[in-house]
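Read through the structure below, which is laid out as structure tokens, and then see the notes.
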Amino acid sequence: MKKRVVGYDIIKCIAMFFVVMLHYSFYTKFYSDGLAGTAITVLCVVCVPLFFAVNGALLLPRDMNTVKHYRKTLNIIIVVTIWRLLAATFFTLVDGSHPVTLKNLAIFLLGGGFGDYPTGYFWFMNALIAVYLVLPVMKMAFDAEQKIAFHALLTVLAAFTVGKDSLKLVLQMAGTTTNHDFASIINPLGEFYIFGSYGYVLLYVLVGGVIGRYLKQTREESTDGNALHFLSRISPGKACVGIAICYTLTLLIQRYQHATHGTNLTVDNGYWLLPTFIATVLILLTLGQADIQGTGAKFFQIVGMNTFGVYMLHLAGLVLLSRLQSLSWFEFMGTMNSIAVTMLNTLLCVCVFAACLATSALLRNIPYIGRLFTL
């Protein structure tokens, strides 16, 4: 067993709660789409970037055995396929609100959706598997003494995701002001991008690996030759200020998109806009160096070990909660003001998160069944 980095467990805990909170706003009743509710969901925009960045920080700085890596990848595919079958069973027998066919099941097992049921959350596992399939190649570029190819890869990924869509947003704002369509000018650039819709995921994995290598060298007090030594000048206080600024900018972007495109709660392309990218780097850099002991460290370790289980269970929990909210004794939530109902929804989300965490922690200790809760 490799020694766990408590800072990474803290990040995984935060990211997992943000995932549950974001999906809570979509799949339950009475969530406010006003400013209070939106302020919470915008806070969650870093959830996916953080998960992939932490994966990169954990995997890339370590030695990699390619054969073992692909065995692990195959194990992930098998485990996720079993979870798809369990999810299909749950939605068919417990929910039962939409008709499905064997064709729907086949599409679902191959990575698509399951009819009209809310199974979109499996996209994360699709993206993770896609990254794992090419990770040994990325690892070769990451470890190479000559960094030209690796830096070129980072540049291409960043330019066509963070760069292009952040520029597109600026052009959209300029177009709104002048009543001209400037944003469509850069649409053809996508023709030169080979990585598809998961390119930003790969970017976060690689950037996470770069930050993870720096943090590992920091822990080993061997950063003299590291080109990122300037990061030591970013104190936790400065990082917190930077994160707050990025959050404010993201919230303003959401309000702009709401006013011009009717976007509610979410941020279009929010996972890879520049403020999200910077916030993700700052959070990984700051919390990755956290060093706490005792009960706190144990708690975050338990959560960090069970994030996969929580992820696989949380939507079933939200569906069940939504069913409960249809009962008459939840009707009072429909009469609450935006701030009050947002606070109550956050508390209910904590309860769903805690229930999924407890279930995962319990079941992972049962022989055979426990394999479904570990990757």
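Residues in the structure tokens are named by chain (A, B, ... in the order shown) and by number from 1 within that chain; ligands are numbered from 1 in the order shown.
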Tell me, as a VMD selection string, which residues lie within 12 Å of segment 340-348 of chain A, counting only C-alpha atoms; anything in the same chain fewer than 5 positions away does not count. chain A and resid 17 to 18 20 to 41 317 to 318 321 to 322 324 to 325 330 to 335 353 to 355
Using DSSP assignments from the backbone, pull out every residue in segment 43-94 of chain A that falls under alpha helix (DSSP H) and give it to me as a PDB file with N, CA, C and O atoms, in the first residue's frame.
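Final output, saved to part.pdb:
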ATOM      1  N   LEU A  43     -20.396  27.169  -7.641  1.00  0.00           N
ATOM      2  CA  LEU A  43     -19.277  26.742  -6.799  1.00  0.00           C
ATOM      3  C   LEU A  43     -18.835  25.325  -7.163  1.00  0.00           C
ATOM      4  O   LEU A  43     -17.660  24.971  -7.018  1.00  0.00           O
ATOM      5  N   CYS A  47     -15.764  20.568  -9.801  1.00  0.00           N
ATOM      6  CA  CYS A  47     -15.807  19.187  -9.305  1.00  0.00           C
ATOM      7  C   CYS A  47     -15.121  18.213 -10.255  1.00  0.00           C
ATOM      8  O   CYS A  47     -14.233  17.449  -9.848  1.00  0.00           O
ATOM      9  N   VAL A  48     -15.509  18.201 -11.510  1.00  0.00           N
ATOM     10  CA  VAL A  48     -14.919  17.276 -12.479  1.00  0.00           C
ATOM     11  C   VAL A  48     -13.444  17.585 -12.739  1.00  0.00           C
ATOM     12  O   VAL A  48     -12.605  16.672 -12.729  1.00  0.00           O
ATOM     13  N   PRO A  49     -13.081  18.867 -12.979  1.00  0.00           N
ATOM     14  CA  PRO A  49     -11.652  19.171 -13.151  1.00  0.00           C
ATOM     15  C   PRO A  49     -10.794  18.703 -11.981  1.00  0.00           C
ATOM     16  O   PRO A  49      -9.693  18.181 -12.187  1.00  0.00           O
ATOM     17  N   LEU A  50     -11.287  18.856 -10.757  1.00  0.00           N
ATOM     18  CA  LEU A  50     -10.508  18.436  -9.592  1.00  0.00           C
ATOM     19  C   LEU A  50     -10.291  16.928  -9.585  1.00  0.00           C
ATOM     20  O   LEU A  50      -9.194  16.447  -9.271  1.00  0.00           O
ATOM     21  N   PHE A  51     -11.326  16.163  -9.912  1.00  0.00           N
ATOM     22  CA  PHE A  51     -11.189  14.712  -9.919  1.00  0.00           C
ATOM     23  C   PHE A  51     -10.115  14.258 -10.899  1.00  0.00           C
ATOM     24  O   PHE A  51      -9.255  13.435 -10.577  1.00  0.00           O
ATOM     25  N   PHE A  52     -10.152  14.789 -12.105  1.00  0.00           N
ATOM     26  CA  PHE A  52      -9.175  14.358 -13.100  1.00  0.00           C
ATOM     27  C   PHE A  52      -7.781  14.892 -12.782  1.00  0.00           C
ATOM     28  O   PHE A  52      -6.780  14.207 -13.028  1.00  0.00           O
ATOM     29  N   ALA A  53      -7.700  16.097 -12.242  1.00  0.00           N
ATOM     30  CA  ALA A  53      -6.397  16.637 -11.861  1.00  0.00           C
ATOM     31  C   ALA A  53      -5.767  15.805 -10.748  1.00  0.00           C
ATOM     32  O   ALA A  53      -4.561  15.529 -10.766  1.00  0.00           O
ATOM     33  N   VAL A  54      -6.567  15.385  -9.769  1.00  0.00           N
ATOM     34  CA  VAL A  54      -6.054  14.534  -8.686  1.00  0.00           C
ATOM     35  C   VAL A  54      -5.609  13.185  -9.243  1.00  0.00           C
ATOM     36  O   VAL A  54      -4.578  12.635  -8.816  1.00  0.00           O
ATOM     37  N   ASN A  55      -6.375  12.630 -10.184  1.00  0.00           N
ATOM     38  CA  ASN A  55      -5.958  11.374 -10.815  1.00  0.00           C
ATOM     39  C   ASN A  55      -4.592  11.525 -11.456  1.00  0.00           C
ATOM     40  O   ASN A  55      -3.726  10.654 -11.320  1.00  0.00           O
ATOM     41  N   GLY A  56      -4.387  12.637 -12.169  1.00  0.00           N
ATOM     42  CA  GLY A  56      -3.095  12.873 -12.789  1.00  0.00           C
ATOM     43  C   GLY A  56      -1.994  13.035 -11.764  1.00  0.00           C
ATOM     44  O   GLY A  56      -0.879  12.512 -11.935  1.00  0.00           O
ATOM     45  N   ALA A  57      -2.292  13.759 -10.668  1.00  0.00           N
ATOM     46  CA  ALA A  57      -1.297  13.977  -9.618  1.00  0.00           C
ATOM     47  C   ALA A  57      -0.905  12.675  -8.936  1.00  0.00           C
ATOM     48  O   ALA A  57       0.239  12.505  -8.496  1.00  0.00           O
ATOM     49  N   LEU A  58      -1.835  11.739  -8.850  1.00  0.00           N
ATOM     50  CA  LEU A  58      -1.552  10.461  -8.205  1.00  0.00           C
ATOM     51  C   LEU A  58      -0.814   9.488  -9.133  1.00  0.00           C
ATOM     52  O   LEU A  58       0.074   8.758  -8.704  1.00  0.00           O
ATOM     53  N   LEU A  59      -1.189   9.484 -10.410  1.00  0.00           N
ATOM     54  CA  LEU A  59      -0.701   8.449 -11.316  1.00  0.00           C
ATOM     55  C   LEU A  59       0.583   8.806 -12.053  1.00  0.00           C
ATOM     56  O   LEU A  59       1.501   7.989 -12.148  1.00  0.00           O
ATOM     57  N   THR A  66       3.099  -1.024 -17.452  1.00  0.00           N
ATOM     58  CA  THR A  66       2.069  -0.949 -18.480  1.00  0.00           C
ATOM     59  C   THR A  66       1.120  -2.140 -18.433  1.00  0.00           C
ATOM     60  O   THR A  66      -0.101  -1.980 -18.588  1.00  0.00           O
ATOM     61  N   VAL A  67       1.667  -3.337 -18.209  1.00  0.00           N
ATOM     62  CA  VAL A  67       0.817  -4.531 -18.151  1.00  0.00           C
ATOM     63  C   VAL A  67      -0.171  -4.420 -16.995  1.00  0.00           C
ATOM     64  O   VAL A  67      -1.383  -4.657 -17.156  1.00  0.00           O
ATOM     65  N   LYS A  68       0.318  -4.039 -15.806  1.00  0.00           N
ATOM     66  CA  LYS A  68      -0.570  -3.884 -14.650  1.00  0.00           C
ATOM     67  C   LYS A  68      -1.588  -2.776 -14.888  1.00  0.00           C
ATOM     68  O   LYS A  68      -2.738  -2.872 -14.449  1.00  0.00           O
ATOM     69  N   HIS A  69      -1.152  -1.722 -15.580  1.00  0.00           N
ATOM     70  CA  HIS A  69      -2.066  -0.618 -15.847  1.00  0.00           C
ATOM     71  C   HIS A  69      -3.250  -1.085 -16.689  1.00  0.00           C
ATOM     72  O   HIS A  69      -4.412  -0.750 -16.389  1.00  0.00           O
ATOM     73  N   TYR A  70      -2.978  -1.869 -17.734  1.00  0.00           N
ATOM     74  CA  TYR A  70      -4.077  -2.309 -18.587  1.00  0.00           C
ATOM     75  C   TYR A  70      -4.926  -3.386 -17.906  1.00  0.00           C
ATOM     76  O   TYR A  70      -6.125  -3.521 -18.206  1.00  0.00           O
ATOM     77  N   ARG A  71      -4.326  -4.145 -16.996  1.00  0.00           N
ATOM     78  CA  ARG A  71      -5.146  -5.058 -16.192  1.00  0.00           C
ATOM     79  C   ARG A  71      -6.106  -4.259 -15.308  1.00  0.00           C
ATOM     80  O   ARG A  71      -7.287  -4.623 -15.167  1.00  0.00           O
ATOM     81  N   LYS A  72      -5.594  -3.173 -14.730  1.00  0.00           N
ATOM     82  CA  LYS A  72      -6.458  -2.317 -13.919  1.00  0.00           C
ATOM     83  C   LYS A  72      -7.548  -1.690 -14.773  1.00  0.00           C
ATOM     84  O   LYS A  72      -8.703  -1.589 -14.350  1.00  0.00           O
ATOM     85  N   THR A  73      -7.200  -1.264 -15.980  1.00  0.00           N
ATOM     86  CA  THR A  73      -8.181  -0.678 -16.886  1.00  0.00           C
ATOM     87  C   THR A  73      -9.275  -1.683 -17.216  1.00  0.00           C
ATOM     88  O   THR A  73     -10.474  -1.347 -17.221  1.00  0.00           O
ATOM     89  N   LEU A  74      -8.885  -2.923 -17.492  1.00  0.00           N
ATOM     90  CA  LEU A  74      -9.873  -3.971 -17.767  1.00  0.00           C
ATOM     91  C   LEU A  74     -10.767  -4.191 -16.550  1.00  0.00           C
ATOM     92  O   LEU A  74     -11.989  -4.367 -16.688  1.00  0.00           O
ATOM     93  N   ASN A  75     -10.176  -4.168 -15.350  1.00  0.00           N
ATOM     94  CA  ASN A  75     -10.960  -4.325 -14.128  1.00  0.00           C
ATOM     95  C   ASN A  75     -11.971  -3.195 -13.988  1.00  0.00           C
ATOM     96  O   ASN A  75     -13.127  -3.427 -13.596  1.00  0.00           O
ATOM     97  N   ILE A  76     -11.552  -1.973 -14.321  1.00  0.00           N
ATOM     98  CA  ILE A  76     -12.471  -0.832 -14.250  1.00  0.00           C
ATOM     99  C   ILE A  76     -13.636  -1.029 -15.213  1.00  0.00           C
ATOM    100  O   ILE A  76     -14.803  -0.803 -14.861  1.00  0.00           O
ATOM    101  N   ILE A  77     -13.342  -1.491 -16.428  1.00  0.00           N
ATOM    102  CA  ILE A  77     -14.390  -1.711 -17.418  1.00  0.00           C
ATOM    103  C   ILE A  77     -15.390  -2.751 -16.917  1.00  0.00           C
ATOM    104  O   ILE A  77     -16.615  -2.575 -17.038  1.00  0.00           O
ATOM    105  N   ILE A  78     -14.887  -3.827 -16.315  1.00  0.00           N
ATOM    106  CA  ILE A  78     -15.763  -4.884 -15.798  1.00  0.00           C
ATOM    107  C   ILE A  78     -16.625  -4.351 -14.661  1.00  0.00           C
ATOM    108  O   ILE A  78     -17.848  -4.566 -14.625  1.00  0.00           O
ATOM    109  N   VAL A  79     -15.997  -3.642 -13.716  1.00  0.00           N
ATOM    110  CA  VAL A  79     -16.738  -3.112 -12.561  1.00  0.00           C
ATOM    111  C   VAL A  79     -17.794  -2.116 -13.016  1.00  0.00           C
ATOM    112  O   VAL A  79     -18.945  -2.150 -12.547  1.00  0.00           O
ATOM    113  N   VAL A  80     -17.443  -1.228 -13.930  1.00  0.00           N
ATOM    114  CA  VAL A  80     -18.402  -0.233 -14.417  1.00  0.00           C
ATOM    115  C   VAL A  80     -19.547  -0.906 -15.163  1.00  0.00           C
ATOM    116  O   VAL A  80     -20.705  -0.482 -15.050  1.00  0.00           O
ATOM    117  N   THR A  81     -19.257  -1.980 -15.908  1.00  0.00           N
ATOM    118  CA  THR A  81     -20.315  -2.709 -16.609  1.00  0.00           C
ATOM    119  C   THR A  81     -21.296  -3.323 -15.623  1.00  0.00           C
ATOM    120  O   THR A  81     -22.525  -3.279 -15.826  1.00  0.00           O
ATOM    121  N   ILE A  82     -20.782  -3.862 -14.523  1.00  0.00           N
ATOM    122  CA  ILE A  82     -21.663  -4.409 -13.485  1.00  0.00           C
ATOM    123  C   ILE A  82     -22.523  -3.300 -12.893  1.00  0.00           C
ATOM    124  O   ILE A  82     -23.732  -3.477 -12.660  1.00  0.00           O
ATOM    125  N   TRP A  83     -21.917  -2.125 -12.660  1.00  0.00           N
ATOM    126  CA  TRP A  83     -22.686  -0.996 -12.125  1.00  0.00           C
ATOM    127  C   TRP A  83     -23.752  -0.543 -13.120  1.00  0.00           C
ATOM    128  O   TRP A  83     -24.847  -0.118 -12.722  1.00  0.00           O
ATOM    129  N   ARG A  84     -23.471  -0.625 -14.399  1.00  0.00           N
ATOM    130  CA  ARG A  84     -24.485  -0.280 -15.395  1.00  0.00           C
ATOM    131  C   ARG A  84     -25.674  -1.242 -15.311  1.00  0.00           C
ATOM    132  O   ARG A  84     -26.837  -0.818 -15.394  1.00  0.00           O
ATOM    133  N   LEU A  85     -25.367  -2.524 -15.133  1.00  0.00           N
ATOM    134  CA  LEU A  85     -26.441  -3.504 -14.996  1.00  0.00           C
ATOM    135  C   LEU A  85     -27.253  -3.246 -13.729  1.00  0.00           C
ATOM    136  O   LEU A  85     -28.493  -3.344 -13.743  1.00  0.00           O
ATOM    137  N   LEU A  86     -26.566  -2.910 -12.638  1.00  0.00           N
ATOM    138  CA  LEU A  86     -27.275  -2.590 -11.391  1.00  0.00           C
ATOM    139  C   LEU A  86     -28.128  -1.341 -11.545  1.00  0.00           C
ATOM    140  O   LEU A  86     -29.271  -1.291 -11.062  1.00  0.00           O
ATOM    141  N   ALA A  87     -27.584  -0.328 -12.220  1.00  0.00           N
ATOM    142  CA  ALA A  87     -28.344   0.903 -12.432  1.00  0.00           C
ATOM    143  C   ALA A  87     -29.567   0.636 -13.311  1.00  0.00           C
ATOM    144  O   ALA A  87     -30.668   1.154 -13.045  1.00  0.00           O
ATOM    145  N   ALA A  88     -29.387  -0.165 -14.356  1.00  0.00           N
ATOM    146  CA  ALA A  88     -30.518  -0.497 -15.230  1.00  0.00           C
ATOM    147  C   ALA A  88     -31.608  -1.229 -14.453  1.00  0.00           C
ATOM    148  O   ALA A  88     -32.810  -0.963 -14.627  1.00  0.00           O
ATOM    149  N   THR A  89     -31.190  -2.139 -13.576  1.00  0.00           N
ATOM    150  CA  THR A  89     -32.151  -2.861 -12.737  1.00  0.00           C
ATOM    151  C   THR A  89     -32.883  -1.906 -11.810  1.00  0.00           C
ATOM    152  O   THR A  89     -34.114  -1.981 -11.655  1.00  0.00           O
ATOM    153  N   PHE A  90     -32.147  -0.993 -11.186  1.00  0.00           N
ATOM    154  CA  PHE A  90     -32.758  -0.028 -10.265  1.00  0.00           C
ATOM    155  C   PHE A  90     -33.785   0.833 -10.984  1.00  0.00           C
ATOM    156  O   PHE A  90     -34.922   0.987 -10.521  1.00  0.00           O
TER     157      PHE A  90
END
I'd like to know which of A:Ser328, A:Asn126, A:Thr286, A:Gln172 is closest to Tyr214 of chain A, using only C-alpha atoms.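 Closest to Tyr214 of chain A, using only C-alpha atoms: A:Thr286.
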Nearest residue to Leu315 of chain A from the set A:Val46, A:Ile194, A:Cys349, A:Val201 (distances using only C-alpha atoms):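 Result for the nearest residue to Leu315 of chain A: A:Cys349.
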Compile a residue-level contact table for segment 260-290 of chain A against segment 238-247 of chain A at a cut-off of 8 Å, reporting for every qualifying residue the shortest atom pair and its distance in Å to one decimal, with only C-alpha atoms counted, rows ordered by chain and ascending number, as a Markdown table.
| residue | atom | partner | partner_atom | distance |
| --- | --- | --- | --- | --- |
| A:Pro275 | CA | A:Cys246 | CA | 4.7 |
| A:Thr276 | CA | A:Cys246 | CA | 6.7 |
| A:Ile278 | CA | A:Cys246 | CA | 7.3 |
| A:Ala279 | CA | A:Ile243 | CA | 5.0 |
| A:Leu282 | CA | A:Ala239 | CA | 5.7 |
| A:Ile283 | CA | A:Ile243 | CA | 7.5 |
| A:Thr286 | CA | A:Ala239 | CA | 6.9 |
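Neighbouring residues of Leu189 of chain A at 9 Å or closer, counting only C-alpha atoms and skipping chain neighbours under 4 positions away, are Phe160, Lys164, Ile185 and Tyr193 of chain A.
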Okay, now the selection with N, CA and C atoms, as a JSON list (two decimals), in the first residue's frame?
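Everything below was put into result03.json:
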[["chain", "number", "residue", "atom", "x", "y", "z"],
["A", 160, "PHE", "N", -7.04, 24.54, -27.52],
["A", 160, "PHE", "CA", -8.30, 24.17, -28.14],
["A", 160, "PHE", "C", -9.43, 23.94, -27.13],
["A", 164, "LYS", "N", -9.67, 28.35, -26.60],
["A", 164, "LYS", "CA", -10.68, 28.60, -27.64],
["A", 164, "LYS", "C", -12.02, 28.99, -27.04],
["A", 185, "ILE", "N", -16.78, 33.12, -35.67],
["A", 185, "ILE", "CA", -15.56, 33.23, -36.48],
["A", 185, "ILE", "C", -14.57, 32.12, -36.15],
["A", 193, "TYR", "N", -8.63, 19.94, -34.27],
["A", 193, "TYR", "CA", -8.50, 19.37, -32.93],
["A", 193, "TYR", "C", -8.88, 17.90, -32.97]]
Which segment 7-105 of chain A residues have any atom within 6 Å of an atom of segment 301-314 of chain A, and for each, what is the nearest pair of atoms with distance in Å to one decimal, counting only C-alpha atoms, rows sorted by chain and number, as a Markdown table?
| residue | atom | partner | partner_atom | distance |
| --- | --- | --- | --- | --- |
| A:Asp9 | CA | A:Gly304 | CA | 4.6 |
| A:Lys12 | CA | A:Gly304 | CA | 5.7 |
| A:Cys13 | CA | A:Val303 | CA | 5.9 |
Choose the residue, out of A:Ala297, A:Ser166, A:Ser235, A:Ala316, that has the smallest atom-to-atom separation from Ile253 of chain A; count only C-alpha atoms.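 Distance minimum relative to Ile253 of chain A lands on A:Ser166.
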Which of these, A:Leu320, A:Val205, A:Ala358, A:Ala159, has the shortest distance to Val94 of chain A once you count only C-alpha atoms?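 The answer is A:Leu320, which sits nearest to Val94 of chain A.
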Out of A:Ser338, A:Asp268, A:Gly237, A:Val100, which residue has the shortest atom-to-atom distance to Leu251 of chain A when counting only C-alpha atoms?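 Comparing A:Ser338, A:Asp268, A:Gly237, A:Val100 against Leu251 of chain A, the winner is A:Asp268.
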List the spatial neighbours of Leu157 of chain A as a list in words - criterion: any atom at most 9 Å away, only C-alpha atoms, same-chain residues fewer than 6 positions off excluded. Gly163, Tyr193, Phe195, Gly199, Tyr200, Leu202 and Leu203 of chain A
